[in-house]
$ cat work-v1.pdb   # PDB, C-alpha atoms, pLDDT in the B column
ATOM      1  CA  MET F  66      36.488 -11.258 -82.475  1.00 50.00           C
ATOM      2  CA  THR F  67      36.610 -13.332 -85.667  1.00 49.00           C
ATOM      3  CA  VAL F  68      37.075 -17.023 -86.335  1.00 53.00           C
ATOM      4  CA  ALA F  69      38.279 -18.884 -89.408  1.00 48.00           C
ATOM      5  CA  GLY F  70      36.562 -17.706 -92.538  1.00 49.00           C
ATOM      6  CA  GLY F  71      36.031 -14.181 -91.184  1.00 52.00           C
ATOM      7  CA  ARG F  72      33.004 -15.223 -89.136  1.00 53.00           C
ATOM      8  CA  ASN F  73      32.208 -13.160 -86.050  1.00 71.00           C
ATOM      9  CA  GLY F  74      33.418 -15.191 -83.073  1.00 74.00           C
ATOM     10  CA  PHE F  75      30.650 -14.023 -80.759  1.00 76.00           C
ATOM     11  CA  ALA F  76      28.006 -15.063 -83.306  1.00 78.00           C
ATOM     12  CA  ALA F  77      29.813 -18.378 -83.810  1.00 78.00           C
ATOM     13  CA  LEU F  78      29.739 -19.016 -80.064  1.00 80.00           C
ATOM     14  CA  LYS F  79      25.986 -18.629 -80.109  1.00 80.00           C
ATOM     15  CA  ALA F  80      25.582 -20.768 -83.236  1.00 82.00           C
ATOM     16  CA  LEU F  81      27.890 -23.583 -82.121  1.00 80.00           C
ATOM     17  CA  THR F  82      26.833 -24.076 -78.502  1.00 82.00           C
ATOM     18  CA  PRO F  83      25.913 -26.375 -77.037  1.00 83.00           C
ATOM     19  CA  PRO F  84      28.012 -28.838 -79.015  1.00 84.00           C
ATOM     20  CA  PRO F  85      26.718 -32.353 -79.685  1.00 84.00           C
ATOM     21  CA  ILE F  86      29.139 -33.766 -77.103  1.00 85.00           C
ATOM     22  CA  LYS F  87      28.791 -32.721 -73.468  1.00 82.00           C
ATOM     23  CA  ARG F  88      32.442 -31.756 -72.892  1.00 85.00           C
ATOM     24  CA  GLY F  89      34.481 -29.059 -74.530  1.00 89.00           C
ATOM     25  CA  MET F  90      36.176 -25.707 -74.210  1.00 92.00           C
ATOM     26  CA  VAL F  91      35.620 -22.280 -75.696  1.00 93.00           C
ATOM     27  CA  LEU F  92      38.643 -19.966 -75.932  1.00 93.00           C
ATOM     28  CA  ILE F  93      37.779 -16.273 -76.169  1.00 93.00           C
ATOM     29  CA  ASP F  94      40.715 -14.090 -77.194  1.00 92.00           C
ATOM     30  CA  PRO F  95      39.429 -10.777 -78.582  1.00 90.00           C
ATOM     31  CA  PRO F  96      41.859  -8.118 -79.798  1.00 89.00           C
ATOM     32  CA  PHE F  97      40.596  -5.590 -77.221  1.00 89.00           C
ATOM     33  CA  GLU F  98      40.865  -2.778 -79.735  1.00 87.00           C
ATOM     34  CA  GLN F  99      37.328  -1.459 -79.185  1.00 88.00           C
ATOM     35  CA  PRO F 100      36.242   0.247 -75.948  1.00 88.00           C
ATOM     36  CA  ASP F 101      33.257  -2.093 -75.444  1.00 92.00           C
ATOM     37  CA  GLU F 102      35.043  -5.441 -75.826  1.00 93.00           C
ATOM     38  CA  PHE F 103      34.883  -6.343 -72.125  1.00 96.00           C
ATOM     39  CA  GLU F 104      31.120  -5.804 -72.357  1.00 96.00           C
ATOM     40  CA  GLN F 105      30.944  -7.945 -75.507  1.00 94.00           C
ATOM     41  CA  VAL F 106      32.773 -10.760 -73.697  1.00 96.00           C
ATOM     42  CA  ILE F 107      30.411 -10.520 -70.713  1.00 97.00           C
ATOM     43  CA  ASN F 108      27.391 -10.687 -73.032  1.00 95.00           C
ATOM     44  CA  ALA F 109      28.861 -13.675 -74.893  1.00 94.00           C
ATOM     45  CA  LEU F 110      29.573 -15.480 -71.613  1.00 96.00           C
ATOM     46  CA  ALA F 111      26.081 -14.713 -70.312  1.00 96.00           C
ATOM     47  CA  ASP F 112      24.519 -16.186 -73.434  1.00 94.00           C
ATOM     48  CA  GLY F 113      26.997 -19.063 -73.693  1.00 93.00           C
ATOM     49  CA  THR F 114      26.577 -20.194 -70.103  1.00 95.00           C
ATOM     50  CA  LYS F 115      22.793 -20.117 -70.500  1.00 94.00           C
ATOM     51  CA  ARG F 116      23.073 -22.404 -73.517  1.00 92.00           C
ATOM     52  CA  TRP F 117      25.910 -24.603 -72.240  1.00 93.00           C
ATOM     53  CA  ALA F 118      26.380 -24.211 -68.505  1.00 92.00           C
ATOM     54  CA  ASN F 119      28.818 -27.100 -68.030  1.00 92.00           C
ATOM     55  CA  GLY F 120      31.209 -26.024 -70.807  1.00 94.00           C
ATOM     56  CA  THR F 121      34.675 -24.721 -70.041  1.00 96.00           C
ATOM     57  CA  TYR F 122      35.204 -21.112 -71.062  1.00 96.00           C
ATOM     58  CA  VAL F 123      38.649 -19.500 -71.079  1.00 97.00           C
ATOM     59  CA  VAL F 124      39.049 -15.767 -71.678  1.00 97.00           C
ATOM     60  CA  TRP F 125      42.328 -13.928 -72.257  1.00 97.00           C
ATOM     61  CA  TYR F 126      42.252 -10.249 -71.270  1.00 97.00           C
ATOM     62  CA  PRO F 127      44.781  -7.420 -71.098  1.00 97.00           C
ATOM     63  CA  ILE F 128      45.650  -5.675 -67.865  1.00 97.00           C
ATOM     64  CA  LYS F 129      46.336  -1.995 -68.323  1.00 95.00           C
ATOM     65  CA  ASP F 130      44.286  -0.706 -65.403  1.00 94.00           C
ATOM     66  CA  PRO F 131      43.830  -3.328 -62.657  1.00 93.00           C
ATOM     67  CA  VAL F 132      40.511  -1.693 -61.672  1.00 94.00           C
ATOM     68  CA  VAL F 133      39.076  -2.407 -65.139  1.00 95.00           C
ATOM     69  CA  ALA F 134      40.270  -6.037 -64.918  1.00 96.00           C
ATOM     70  CA  SER F 135      38.681  -6.345 -61.473  1.00 97.00           C
ATOM     71  CA  GLU F 136      35.372  -4.916 -62.737  1.00 97.00           C
ATOM     72  CA  PHE F 137      35.423  -7.455 -65.580  1.00 98.00           C
ATOM     73  CA  GLN F 138      36.044 -10.279 -63.113  1.00 98.00           C
ATOM     74  CA  GLN F 139      33.187  -9.086 -60.893  1.00 98.00           C
ATOM     75  CA  ALA F 140      30.823  -8.940 -63.882  1.00 98.00           C
ATOM     76  CA  VAL F 141      31.649 -12.578 -64.660  1.00 98.00           C
ATOM     77  CA  ALA F 142      31.150 -13.540 -61.012  1.00 97.00           C
ATOM     78  CA  ASP F 143      27.705 -11.894 -61.122  1.00 97.00           C
ATOM     79  CA  LEU F 144      26.492 -14.030 -64.047  1.00 97.00           C
ATOM     80  CA  PRO F 145      23.729 -16.245 -62.610  1.00 96.00           C
ATOM     81  CA  GLN F 146      24.704 -19.435 -64.484  1.00 94.00           C
ATOM     82  CA  VAL F 147      28.350 -19.338 -63.407  1.00 97.00           C
ATOM     83  CA  SER F 148      29.031 -21.577 -60.417  1.00 95.00           C
ATOM     84  CA  LYS F 149      32.832 -21.972 -60.771  1.00 97.00           C
ATOM     85  CA  ALA F 150      35.136 -19.251 -62.054  1.00 98.00           C
ATOM     86  CA  MET F 151      38.785 -18.470 -61.424  1.00 98.00           C
ATOM     87  CA  ALA F 152      40.994 -15.576 -62.530  1.00 98.00           C
ATOM     88  CA  VAL F 153      44.762 -15.735 -62.987  1.00 98.00           C
ATOM     89  CA  ASP F 154      46.538 -12.406 -63.461  1.00 98.00           C
ATOM     90  CA  LEU F 155      50.162 -11.874 -64.437  1.00 97.00           C
ATOM     91  CA  LEU F 156      51.714  -8.431 -64.140  1.00 97.00           C
ATOM     92  CA  ILE F 157      54.989  -7.962 -66.003  1.00 97.00           C
ATOM     93  CA  ARG F 158      55.566  -4.680 -64.159  1.00 95.00           C
ATOM     94  CA  GLY F 159      53.862  -2.608 -61.509  1.00 92.00           C
ATOM     95  CA  ALA F 160      50.636  -1.181 -62.918  1.00 89.00           C
ATOM     96  CA  GLN F 161      51.339   2.528 -62.412  1.00 87.00           C
ATOM     97  CA  ASP F 162      50.670   3.548 -66.030  1.00 91.00           C
ATOM     98  CA  SER F 163      47.229   2.517 -67.280  1.00 90.00           C
ATOM     99  CA  SER F 164      48.037   3.643 -70.829  1.00 90.00           C
ATOM    100  CA  ARG F 165      50.351   0.657 -71.375  1.00 93.00           C
ATOM    101  CA  LEU F 166      49.988  -3.094 -71.197  1.00 95.00           C
ATOM    102  CA  ASN F 167      51.074  -4.084 -67.705  1.00 96.00           C
ATOM    103  CA  GLY F 168      50.114  -7.720 -67.885  1.00 97.00           C
ATOM    104  CA  CYS F 169      47.345 -10.069 -68.828  1.00 97.00           C
ATOM    105  CA  GLY F 170      44.893 -12.442 -67.297  1.00 97.00           C
ATOM    106  CA  MET F 171      43.117 -15.680 -67.998  1.00 97.00           C
ATOM    107  CA  LEU F 172      39.643 -16.235 -66.690  1.00 98.00           C
ATOM    108  CA  PHE F 173      38.367 -19.801 -66.413  1.00 98.00           C
ATOM    109  CA  ILE F 174      34.724 -20.764 -66.080  1.00 98.00           C
ATOM    110  CA  ASN F 175      34.550 -24.436 -65.088  1.00 96.00           C
ATOM    111  CA  PRO F 176      38.352 -24.821 -65.176  1.00 96.00           C
ATOM    112  CA  PRO F 177      39.564 -28.148 -66.592  1.00 91.00           C
ATOM    113  CA  TYR F 178      40.799 -30.705 -64.101  1.00 88.00           C
ATOM    114  CA  GLY F 179      44.451 -30.165 -63.227  1.00 92.00           C
ATOM    115  CA  VAL F 180      44.732 -26.503 -64.249  1.00 93.00           C
ATOM    116  CA  VAL F 181      44.191 -25.149 -60.748  1.00 93.00           C
ATOM    117  CA  GLN F 182      46.621 -27.643 -59.231  1.00 95.00           C
ATOM    118  CA  GLN F 183      49.371 -26.798 -61.754  1.00 96.00           C
ATOM    119  CA  LEU F 184      49.048 -22.992 -61.537  1.00 96.00           C
ATOM    120  CA  PRO F 185      51.719 -22.339 -58.886  1.00 96.00           C
ATOM    121  CA  THR F 186      54.326 -24.382 -60.754  1.00 97.00           C
ATOM    122  CA  ILE F 187      53.543 -22.813 -64.128  1.00 97.00           C
ATOM    123  CA  MET F 188      53.210 -19.230 -62.915  1.00 97.00           C
ATOM    124  CA  ASN F 189      56.280 -19.347 -60.662  1.00 97.00           C
ATOM    125  CA  PHE F 190      58.246 -20.448 -63.734  1.00 97.00           C
ATOM    126  CA  LEU F 191      56.741 -17.902 -66.165  1.00 97.00           C
ATOM    127  CA  THR F 192      56.725 -14.771 -64.011  1.00 97.00           C
ATOM    128  CA  PRO F 193      60.512 -14.230 -63.801  1.00 97.00           C
ATOM    129  CA  LEU F 194      60.867 -15.055 -67.514  1.00 97.00           C
ATOM    130  CA  LEU F 195      58.249 -12.494 -68.581  1.00 96.00           C
ATOM    131  CA  LYS F 196      59.143  -9.805 -66.034  1.00 96.00           C
ATOM    132  CA  GLN F 197      59.986  -6.461 -67.632  1.00 95.00           C
ATOM    133  CA  GLU F 198      60.233  -4.164 -64.625  1.00 92.00           C
ATOM    134  CA  ARG F 199      59.812  -4.042 -60.849  1.00 93.00           C
ATOM    135  CA  GLY F 200      56.443  -5.150 -59.593  1.00 93.00           C
ATOM    136  CA  ALA F 201      56.117  -8.288 -61.705  1.00 96.00           C
ATOM    137  CA  GLU F 202      53.893 -10.793 -59.921  1.00 97.00           C
ATOM    138  CA  TRP F 203      51.062 -13.214 -60.424  1.00 98.00           C
ATOM    139  CA  GLN F 204      47.969 -14.024 -58.443  1.00 96.00           C
ATOM    140  CA  SER F 205      44.981 -16.287 -58.795  1.00 97.00           C
ATOM    141  CA  HIS F 206      41.686 -16.303 -57.005  1.00 96.00           C
ATOM    142  CA  TRP F 207      38.285 -17.895 -57.217  1.00 97.00           C
ATOM    143  CA  LEU F 208      35.590 -15.501 -58.332  1.00 97.00           C
ATOM    144  CA  VAL F 209      32.812 -18.017 -57.729  1.00 96.00           C
ATOM    145  CA  GLY F 210      32.877 -21.478 -56.191  1.00 93.00           C
ATOM    146  CA  GLU F 211      35.691 -23.532 -54.666  1.00 83.00           C
ATOM    147  CA  GLU F 212      37.309 -21.049 -52.263  1.00 69.00           C
ATOM    148  CA  ASP F 213      35.152 -17.941 -52.821  1.00 51.00           C
TER     149      ASP F 213
END
$ encode --input "work-v1.pdb" --output "structure tokens"
Amino acid sequence: MTVAGGRNGFAALKALTPPPIKRGMVLIDPPFEQPDEFEQVINALADGTKRWANGTYVVWYPIKDPVVASEFQQAVADLPQVSKAMAVDLLIRGAQDSSRLNGCGMLFINPPYGVVQQLPTIMNFLTPLLKQERGAEWQSHWLVGEED
């Protein structure tokens, strides 16, 4: 993951948190081209939430194999500093072939106010537009906090 100027995004996260103001959001959107990128994200979140526990973190992730996505979500839920985390997954087709992109997810740690309330409206609108084959659906669930 890189940021403007070619800087490593994971190193930048460590260098720039906590910010001088108490509120803010970190968007993590790695290319997921390396086999260990889920692990890199987990490590970055572990370090980031230690340094800035009340920050909002948003992670985009691909869904090829739903089991891998679920393991990633569980690893985030197991982080000791995380007290509120939600996952939103959108499948554009049934996930029968784990060699192709079947959808994507967004993981929120300390979701911003209003996001959770607006999810059904947004996702019910987007899902039929992005559908590519049978089995397109969305789901959201709390990993930690709220309704866990």
$ resolve_selection --input "work-v1.pdb" --expression "the PyMOL selection byres ((chain F and resi 195-209) around 7)" --output "NGL selection string"
:F and (142 or 148-159 or 188 or 191-194 or 210-213)
$ residues_around --input "work-v1.pdb" --residues "Tyr122 of chain F" --least-positions-apart "5" --cutoff "7 Å" --atoms "all atoms listed in the file" --output "list in words"
Met90, Val91, Leu92, Phe173, Ile174 and Asn175 of chain F
$ resolve_selection --input "work-v1.pdb" --expression "the PyMOL selection byres ((chain F and resi 163) around 6)" --output "ChimeraX atom specification"
/F:129-130,162,164-165
$ closest_residue --input "work-v1.pdb" --among "F:Tyr178, F:Cys169, F:Gln183, F:Gln146" --to "Asp94 of chain F" --atoms "only C-alpha atoms"
F:Cys169
$ atom_distance --input "work-v1.pdb" --atom1 "atom CA of Leu81 of chain F" --atom2 "atom CA of Pro100 of chain F"
26.0 Å
$ build_atoms --input "work-v1.pdb" --residues "segment 165-176 of chain F" --atoms "all heavy atoms" --output "short mmCIF file (atom, residue, chain, number, x, y, z; two decimals), in the coordinates of the input"
data_model
loop_
_atom_site.label_atom_id
_atom_site.label_comp_id
_atom_site.auth_asym_id
_atom_site.auth_seq_id
_atom_site.Cartn_x
_atom_site.Cartn_y
_atom_site.Cartn_z
N ARG F 165 49.54 1.72 -70.76
CA ARG F 165 50.35 0.66 -71.38
C ARG F 165 49.93 -0.71 -70.86
O ARG F 165 49.30 -0.82 -69.82
CB ARG F 165 51.83 0.91 -71.15
CG ARG F 165 52.25 0.89 -69.70
CD ARG F 165 53.63 1.43 -69.46
NE ARG F 165 54.66 0.61 -70.08
CZ ARG F 165 55.92 0.57 -69.69
NH1 ARG F 165 56.32 1.33 -68.68
NH2 ARG F 165 56.80 -0.18 -70.29
N LEU F 166 50.29 -1.72 -71.61
CA LEU F 166 49.99 -3.09 -71.20
C LEU F 166 50.91 -3.47 -70.05
O LEU F 166 52.12 -3.49 -70.20
CB LEU F 166 50.17 -4.05 -72.37
CG LEU F 166 49.80 -5.50 -72.10
CD1 LEU F 166 48.30 -5.63 -71.86
CD2 LEU F 166 50.22 -6.39 -73.27
N ASN F 167 50.31 -3.74 -68.90
CA ASN F 167 51.07 -4.08 -67.70
C ASN F 167 51.04 -5.57 -67.39
O ASN F 167 51.74 -6.03 -66.50
CB ASN F 167 50.55 -3.29 -66.50
CG ASN F 167 50.79 -1.81 -66.68
OD1 ASN F 167 51.92 -1.39 -66.84
ND2 ASN F 167 49.73 -1.03 -66.68
N GLY F 168 50.23 -6.29 -68.11
CA GLY F 168 50.11 -7.72 -67.89
C GLY F 168 48.89 -8.26 -68.59
O GLY F 168 48.30 -7.58 -69.44
N CYS F 169 48.53 -9.46 -68.24
CA CYS F 169 47.34 -10.07 -68.83
C CYS F 169 46.76 -11.07 -67.85
O CYS F 169 47.38 -11.42 -66.86
CB CYS F 169 47.67 -10.74 -70.16
SG CYS F 169 48.80 -12.13 -69.99
N GLY F 170 45.56 -11.49 -68.15
CA GLY F 170 44.89 -12.44 -67.30
C GLY F 170 44.21 -13.52 -68.11
O GLY F 170 43.96 -13.35 -69.31
N MET F 171 43.93 -14.61 -67.43
CA MET F 171 43.12 -15.68 -68.00
C MET F 171 42.00 -15.93 -67.00
O MET F 171 42.24 -16.09 -65.80
CB MET F 171 43.92 -16.97 -68.18
CG MET F 171 45.03 -16.88 -69.19
SD MET F 171 44.48 -16.80 -70.89
CE MET F 171 44.05 -18.48 -71.23
N LEU F 172 40.80 -15.96 -67.52
CA LEU F 172 39.64 -16.24 -66.69
C LEU F 172 39.09 -17.59 -67.11
O LEU F 172 38.92 -17.84 -68.30
CB LEU F 172 38.60 -15.14 -66.89
CG LEU F 172 37.42 -15.25 -65.95
CD1 LEU F 172 37.09 -13.90 -65.38
CD2 LEU F 172 36.24 -15.86 -66.64
N PHE F 173 38.87 -18.45 -66.15
CA PHE F 173 38.37 -19.80 -66.41
C PHE F 173 36.98 -19.96 -65.79
O PHE F 173 36.83 -19.74 -64.59
CB PHE F 173 39.27 -20.86 -65.78
CG PHE F 173 40.66 -20.90 -66.33
CD1 PHE F 173 41.67 -20.12 -65.77
CD2 PHE F 173 40.99 -21.72 -67.39
CE1 PHE F 173 42.97 -20.16 -66.26
CE2 PHE F 173 42.27 -21.77 -67.89
CZ PHE F 173 43.27 -20.98 -67.31
N ILE F 174 36.02 -20.33 -66.60
CA ILE F 174 34.72 -20.76 -66.08
C ILE F 174 34.72 -22.28 -66.22
O ILE F 174 35.00 -22.81 -67.29
CB ILE F 174 33.55 -20.13 -66.86
CG1 ILE F 174 33.55 -18.62 -66.66
CG2 ILE F 174 32.22 -20.75 -66.43
CD1 ILE F 174 32.51 -17.88 -67.48
N ASN F 175 34.46 -22.97 -65.14
CA ASN F 175 34.55 -24.44 -65.09
C ASN F 175 35.95 -24.89 -65.53
O ASN F 175 36.11 -25.56 -66.54
CB ASN F 175 33.48 -25.10 -65.97
CG ASN F 175 32.08 -24.71 -65.57
OD1 ASN F 175 31.78 -24.55 -64.39
ND2 ASN F 175 31.22 -24.51 -66.54
N PRO F 176 36.98 -24.49 -64.77
CA PRO F 176 38.35 -24.82 -65.18
C PRO F 176 38.54 -26.33 -65.37
O PRO F 176 37.99 -27.12 -64.60
CB PRO F 176 39.22 -24.34 -64.02
CG PRO F 176 38.35 -23.59 -63.10
CD PRO F 176 36.93 -23.85 -63.47
#
